[in-house]
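For reference, the structure is listed below as structure tokens.
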Amino acid sequence: MFNDIIYELQNLEYLKWSKTRNSSGTAGSFLKAYDDSGNIKKYYKLSDYDTIKGIVGHECVNEVIVGRLMDILGIEHLSYRLIHAQISIEDREIETYLCESDDFKAIDEAKIAFEDFYVAERNDKESPFEFCKRMGWEKYIYGMLVIDFLIMNRDRHGANIEVLRDRKNKSLRLAPLFDQGLSLVCRCHSKEDLKEFDVMKDQKVQAFIGGNSTFDNLKLIPKKYLKNLSGLSDHDIDDITYGLEGILEKEYIEKIREMIKRRWKYLDDIRNKR
């Protein structure tokens with residue numbers, strides 16, 4: 001079973017939070033912090049934060065759910081830990097669950113946003129998808145498109161994919177998939193929102209590689225890749241929300257399970273067609 005949640009309250013009031021505006025244009029912000037006092041630099045982030053209301057989202061919980069899903073499907077990703085923590089923001093004490101992750105860069109690696117790397121290295125009229133195929137990164141991209149369909153990731157912009165380059169060893173690779181919080185039912189801030197939310201609606205998303213439809217992006221993936229994916233049973237889908245009772249309300253957990261089950265069924269039908 002998964003070992004990615006720390007339930008015991010941790011005192012992390014020493015962390016200094018910096019704000020990143022919510023890219024969807026709503027009132028909240030996403031706050032981030034880091035701790036480089038140990039051998040491994042650790043990064044922290046909060047769910048959507050409102051100056052008046054406090055923590056109003058559950059994006060950090062989504063990171064753990066999506067990570068578990070990618071473990072089952074065999075898709076490489078950054079691992080997040082969900083930590084019950086006491087923090088301080090602008091002299092305001094808050095008890096919440098936040099995400100912790102380790103630095104994924106090797107010692108001599110430098111990172112660059114995929115969008116910037118693509119603009120600098122692309123051939124004339126070469127799309128981001130075609131560029132990735134030429135670079136030999138197609139399997140990575142196929143996995144990304146699969147997971148982004150299953151969770152309806154709204155925010156796979158050109159800086160949410162990173163290229164890691166080691167000039168000394170002349171190596172180049174894509175960073176493990178990260179930052180999947182803006183997904184699932186993240187925009188449902190009330191039970192009424194949740195009730196009305198259509199888990200199969202083809203909502204417009206932000207995707208630098210591919211298009212703005214997660215359904216259309218599935219068409220970029222070869223049938224052979226889909227057929228080789230590990231299966232996803234109903235039991236697996238139930239397992240990915242294990243241990244979240246009390247952290248996320250029951251109705252949200254049930255809706256997330258419904259979403260992944262139905263979207264997997266749609267994908268499974270595609271890969272089983274002759």
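Quick note on naming: the chains in the structure tokens go A, B, ... in the order shown, residues restart at 1 in each chain, and ligands are numbered from 1 in order of appearance.
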
Each residue of segment 23-83 of chain A with at least one atom at most 7 Å from segment 235-253 of chain A should appear once, together with its nearest atom pair and the corresponding distance in Å (one decimal); atoms considered: only C-alpha atoms; ordering: chain, then increasing residue number; output as CSV.
```
residue,atom,partner,partner_atom,distance
A:Ile65,CA,A:Ile240,CA,5.7
A:Arg68,CA,A:Ile240,CA,5.7
A:Leu69,CA,A:Ile240,CA,6.4
```

Report the closest atom pair, with its distance in Å rounded to one decimal, for each residue of segment 178-204 of chain A that has an atom no farther than 12 Å from segment 70-80 of chain A; count only C-alpha atoms, sort by chain and then rising residue number, and write it as a tab-separated table.
```
residue	atom	partner	partner_atom	distance
A:Phe178	CA	A:Leu78	CA	5.4
A:Asp179	CA	A:Leu78	CA	8.5
A:Gln180	CA	A:Leu78	CA	10.0
A:Gly181	CA	A:Tyr80	CA	10.8
```

Sorted per-residue table, segment 57-121 of chain A near segment 148-163 of chain A, closest atoms and distance, 8 Å, only C-alpha atoms, as JSON lines:
```
{"residue": "A:Val66", "atom": "CA", "partner": "A:Ile151", "partner_atom": "CA", "distance": 7.5}
{"residue": "A:Lys111", "atom": "CA", "partner": "A:Val163", "partner_atom": "CA", "distance": 5.6}
{"residue": "A:Ile112", "atom": "CA", "partner": "A:Val163", "partner_atom": "CA", "distance": 5.3}
{"residue": "A:Ala113", "atom": "CA", "partner": "A:Ala159", "partner_atom": "CA", "distance": 4.6}
{"residue": "A:Phe114", "atom": "CA", "partner": "A:Glu162", "partner_atom": "CA", "distance": 4.9}
{"residue": "A:Glu115", "atom": "CA", "partner": "A:Gly158", "partner_atom": "CA", "distance": 4.5}
{"residue": "A:Asp116", "atom": "CA", "partner": "A:Gly158", "partner_atom": "CA", "distance": 7.8}
{"residue": "A:Phe117", "atom": "CA", "partner": "A:Val163", "partner_atom": "CA", "distance": 7.3}
```

Problem set entry | Nearest residue to Pro128 of chain A from the set A:Lys45, A:Leu229, A:Ile141, A:Ile270 (distances using only C-alpha atoms) | A:Ile141

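Between atom CA of Val61 of chain A and atom CA of Glu95 of chain A the separation is 14.7 Å.
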
Select from segment 170-240 of chain A everything DSSP, run on the backbone, classes as strand (DSSP E or B), then give the selection as a PDB file with C-alpha atoms, in the first residue's frame.
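Written file, part.pdb:
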```
ATOM      1  CA  SER A 171      23.287  14.625 -21.407  1.00  0.00           C
ATOM      2  CA  LEU A 172      19.758  15.815 -22.033  1.00  0.00           C
ATOM      3  CA  ARG A 173      16.503  14.504 -20.569  1.00  0.00           C
ATOM      4  CA  LEU A 174      12.997  15.531 -19.655  1.00  0.00           C
ATOM      5  CA  LEU A 177       6.227  14.697 -14.797  1.00  0.00           C
ATOM      6  CA  GLN A 206      -4.004  24.431 -21.475  1.00  0.00           C
ATOM      7  CA  ALA A 207      -1.607  22.036 -23.220  1.00  0.00           C
TER       8      ALA A 207
END
```

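Rounded to one decimal, atom CA of Ala120 of chain A and atom CA of Lys168 of chain A lie 19.9 Å from each other.
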
Exercise. Any idea what's packed within 8 Å of Phe197 of chain A, counting only C-alpha atoms, ignoring anything in its chain fewer than 2 positions away? Could you give it as a list in words?
Worked result: Val185, Cys188, Asp193, Leu194, Lys195 and Val199 of chain A

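Using only C-alpha atoms, the smallest distance between any of A:Asp234, A:Glu138, A:Glu59, A:Glu13 and Ala85 of chain A comes from A:Glu13.
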
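Closest approach to Glu63 of chain A from the set A:Ser183, A:Asn123, A:Asn39, A:Gln10 is made by A:Ser183, with distances taken over only C-alpha atoms.
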